[in-house]
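The structure under discussion appears below in the form of structure tokens.
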Amino acid sequence: MARPKIALIGAGQIGGTLAHLVALKELGDVVLFDIAEGIPQGKSLDIAESGPVEGFDATLKGTNDYADIAGADVCIVTAGVPRKPGMSRDDLLGINLKVMKSVGEGIKAHAPDAFVICITNPLDAMVWALRSFSGLPKNKVVGMAGILDSGRFRHFLSLEFGVSMRDVSAFVLGGHGDTMVPLARYSTVGGIPLPDLVKMGWTSQDKIDEIVQRTRDGGAEIVALLKTGSAFYAPASSAIEMAEAYLKDQKRVLPCAAYVDGAYGLKGLYVGVPTVIGANGIEKVIEISLSKDEQAMFDKSVDAVKGLVEACKGIDSSLS
Ligand code: APR
């Protein structure tokens, strides 16, 4: 059987890291696309030349021509601009919306059967716009945010408890922005929920609150340190987990920015929720019950996403 074809739209920091991970994990052959000439070709060749040393079997092709993504099984979209220190993800909206239009049209024309994972920010609005521009089925277009946000939460919790990151699970809901909702009561260390760990005296509520805030600010913390761009290793790993779940029909339970219509009282909005990813893309949106406080935080986050979607409609009338 032919290897899966994985098209990476955007060959910048995340795109290059994605290409490297796809090759190392032998998930499929890579087509790395960018409008910048030479960058996708150079990165593809560089990674391919690591193949004999790493011992992977995968072909990598860099291109500036959408025709090369034809028939892709998975497209991961990172095209656009990242933020600089002092910018919020929302500041990227105008520029990246135009990018989503050209990417959506490219995917529609050449890879309409692909499972599409969007990473470009502001994520919840960009994945919504990309879905509209591409016209692909809603279960086949999804945004990557929850795995990254919960990964950050898990990392900080593992430091606090001094335990392996593998034994920490974390739950984050809502938009990928300052209003995201890390849910302590569904986050566990070795299966023990955080509120119980506070009661056991292993940590304090203040410490948990601090970690929740650091998780919300996780992207900005990296931007402030890098100064010239935003996070790319952890975002790439997170998107690869989603691609693998689709390609191998793993039925993984993963938090993603999925199209929600009905659940959580939402009507046709992309927002971060727990999902099941398998061969049919987003196979299920899992609806959990929320406490009054959690619901209020979720509503605030949903309102922020709605505001961004309205802003997109204001900029591009074909979206309204
Ligand atoms: N089509 C294809 N590629 C494009 C387009 C376009 N219309 N416009 C820009 N690009 C390419 C750029 O040439 C660049 O190589 O997108 C790439 C983006 O790479 P980086 O600037 O390195 O950004 P990166 O760190 O990879 O982040 C990409 O993901 O997390 C989000 O906020 C982040 O929106 C940003 C995106």
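Ordered as shown in the structure tokens, chains take letters A, B, and onward, while each chain numbers its residues from 1 and ligands are numbered from 1 in the order shown.
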Taking only C-alpha atoms and all ligand atoms into account, list the residues no farther than 7 Å from ligand 1, as a PyMOL selection string.
chain A and resi 9-15+33-36+78-83+89+96+99+102-103+119-122+229-232+235
Using only C-alpha atoms, which protein or nucleic acid residues come within 10 Å of Arg252 of chain A? Drop anything in the same chain fewer than 5 positions from it, and give the result as a PDB file with C-alpha atoms, in the first residue's frame.
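Dumped everything to result_4.pdb:
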```pdb
ATOM      1  CA  GLU A 241      -0.806  13.488  17.485  1.00  0.00           C
ATOM      2  CA  MET A 242      -4.050  14.468  15.723  1.00  0.00           C
ATOM      3  CA  GLU A 244      -1.681  10.063  13.607  1.00  0.00           C
ATOM      4  CA  ALA A 245      -5.060   9.481  15.287  1.00  0.00           C
ATOM      5  CA  TYR A 246      -6.761  10.038  11.912  1.00  0.00           C
ATOM      6  CA  THR A 275     -13.391  14.960  20.674  1.00  0.00           C
ATOM      7  CA  VAL A 276     -12.841  11.464  19.311  1.00  0.00           C
ATOM      8  CA  ILE A 277     -10.550  11.378  16.253  1.00  0.00           C
ATOM      9  CA  GLY A 278     -10.515   8.343  13.967  1.00  0.00           C
ATOM     10  CA  ILE A 282     -13.905  14.219  14.181  1.00  0.00           C
ATOM     11  CA  GLU A 283     -16.145  11.274  15.009  1.00  0.00           C
TER      12      GLU A 283
END
```
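Taking only C-alpha atoms into account, Ser318 of chain A lies nearest to A:Leu97 out of the set A:Ile288, A:Leu123, A:Leu45, A:Leu97.
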Selection near Gly55 of chain A, 10 Å with only C-alpha atoms, sequence-local residues under 2 positions removed, as a ChimeraX atom specification:
/A:23-24,26,50-53,57-58
Hey, what's within 7 Å of Cys75 of chain A if we count only C-alpha atoms and toss same-chain stuff fewer than 3 positions away? As a PyMOL selection string, please?
chain A and resi 6-9+72+114-117
If we count only C-alpha atoms, what is near Val74 of chain A at a cut-off of 12 Å, once residues fewer than 3 positions away on the same chain are taken out, given as number ranges by chain?
A: 3-9, 22, 27-32, 69-71, 77, 107, 110-118, 140-142, 239-240, 242-248, 279, 281
Of the candidates A:Leu157, A:Ala258, A:Ala129, A:Ala2, which one gets nearest to Ser320 of chain A if we count only C-alpha atoms?
A:Ala129
Helix (DSSP H, G or I) residues, from DSSP on the backbone, in segment 104-302 of chain A, as a PyMOL selection string
chain A and resi 104-110+123-134+138-140+146-161+165-167+184-186+194-199+205-216+218-226+233-247+263-265+292-302
Filtering to C-alpha atoms, could you give me those residues as a short mmCIF file (atom, residue, chain, number, x, y, z; two decimals), in the first residue's frame?
```cif
data_model
loop_
_atom_site.label_atom_id
_atom_site.label_comp_id
_atom_site.auth_asym_id
_atom_site.auth_seq_id
_atom_site.Cartn_x
_atom_site.Cartn_y
_atom_site.Cartn_z
CA GLY A 104 -8.79 27.10 1.59
CA GLU A 105 -9.09 27.50 -2.16
CA GLY A 106 -5.90 25.52 -2.74
CA ILE A 107 -7.12 22.63 -0.60
CA LYS A 108 -10.58 22.71 -2.17
CA ALA A 109 -9.07 22.45 -5.67
CA HIS A 110 -6.39 19.85 -4.99
CA LEU A 123 -7.01 29.62 15.88
CA ASP A 124 -10.74 29.29 16.52
CA ALA A 125 -11.62 31.99 13.98
CA MET A 126 -9.05 30.86 11.41
CA VAL A 127 -10.22 27.24 11.42
CA TRP A 128 -13.81 28.44 11.04
CA ALA A 129 -12.81 30.62 8.07
CA LEU A 130 -10.64 27.89 6.52
CA ARG A 131 -13.58 25.47 6.69
CA SER A 132 -15.83 28.01 4.97
CA PHE A 133 -13.31 28.89 2.26
CA SER A 134 -12.47 25.23 1.56
CA LYS A 138 -17.06 19.97 9.03
CA ASN A 139 -15.82 16.70 10.53
CA LYS A 140 -12.74 16.88 8.28
CA GLY A 146 -6.35 21.87 23.14
CA ILE A 147 -3.53 19.34 22.98
CA LEU A 148 -1.00 22.16 23.17
CA ASP A 149 -2.80 24.00 25.98
CA SER A 150 -3.33 20.83 28.00
CA GLY A 151 0.27 19.81 27.26
CA ARG A 152 1.44 23.05 28.82
CA PHE A 153 -0.88 22.49 31.79
CA ARG A 154 0.46 18.92 32.18
CA HIS A 155 4.06 20.07 32.03
CA PHE A 156 3.57 22.73 34.72
CA LEU A 157 1.65 20.27 36.93
CA SER A 158 4.38 17.65 36.61
CA LEU A 159 6.92 20.25 37.81
CA GLU A 160 4.72 21.16 40.78
CA PHE A 161 4.17 17.54 41.84
CA MET A 165 4.46 14.13 32.74
CA ARG A 166 3.05 10.83 31.50
CA ASP A 167 1.08 10.40 34.71
CA ALA A 184 -8.94 21.56 37.44
CA ARG A 185 -11.60 19.06 38.44
CA TYR A 186 -11.05 16.99 35.28
CA LEU A 194 -6.53 18.25 41.36
CA PRO A 195 -9.12 19.32 43.99
CA ASP A 196 -8.46 16.04 45.85
CA LEU A 197 -4.72 16.65 45.68
CA VAL A 198 -5.30 20.04 47.31
CA LYS A 199 -7.35 18.36 50.06
CA GLN A 205 -5.26 26.08 45.67
CA ASP A 206 -3.07 29.17 45.18
CA LYS A 207 -0.46 27.06 43.42
CA ILE A 208 -3.10 25.52 41.14
CA ASP A 209 -4.48 28.99 40.33
CA GLU A 210 -0.96 30.13 39.46
CA ILE A 211 -0.46 27.15 37.14
CA VAL A 212 -3.82 27.75 35.47
CA GLN A 213 -2.80 31.34 34.74
CA ARG A 214 0.62 30.26 33.46
CA THR A 215 -1.15 27.82 31.14
CA ARG A 216 -3.38 30.61 29.80
CA GLY A 218 1.79 29.80 27.93
CA GLY A 219 2.01 31.06 24.35
CA ALA A 220 2.89 34.61 25.39
CA GLU A 221 5.62 33.32 27.72
CA ILE A 222 7.36 31.69 24.75
CA VAL A 223 6.84 34.72 22.48
CA ALA A 224 8.42 36.98 25.13
CA LEU A 225 11.46 34.68 25.35
CA LEU A 226 11.95 34.08 21.61
CA TYR A 233 8.04 22.46 18.84
CA ALA A 234 5.04 21.75 21.08
CA PRO A 235 2.47 22.99 18.51
CA ALA A 236 4.01 20.66 15.90
CA SER A 237 4.00 17.64 18.23
CA SER A 238 0.37 18.34 19.11
CA ALA A 239 -0.78 18.45 15.48
CA ILE A 240 1.14 15.26 14.72
CA GLU A 241 -0.81 13.49 17.49
CA MET A 242 -4.05 14.47 15.72
CA ALA A 243 -2.79 13.44 12.27
CA GLU A 244 -1.68 10.06 13.61
CA ALA A 245 -5.06 9.48 15.29
CA TYR A 246 -6.76 10.04 11.91
CA LEU A 247 -4.33 8.06 9.74
CA ALA A 263 -23.57 20.43 22.07
CA TYR A 264 -22.80 22.98 24.79
CA GLY A 265 -25.75 25.03 23.50
CA LYS A 292 -21.84 27.26 37.27
CA ASP A 293 -18.39 28.83 37.49
CA GLU A 294 -16.98 26.66 34.70
CA GLN A 295 -19.97 27.46 32.49
CA ALA A 296 -19.43 31.19 33.10
CA MET A 297 -15.75 30.88 32.08
CA PHE A 298 -16.72 28.81 29.03
CA ASP A 299 -19.38 31.35 28.00
CA LYS A 300 -16.83 34.16 28.23
CA SER A 301 -14.43 32.21 26.06
CA VAL A 302 -17.16 31.38 23.52
#
```
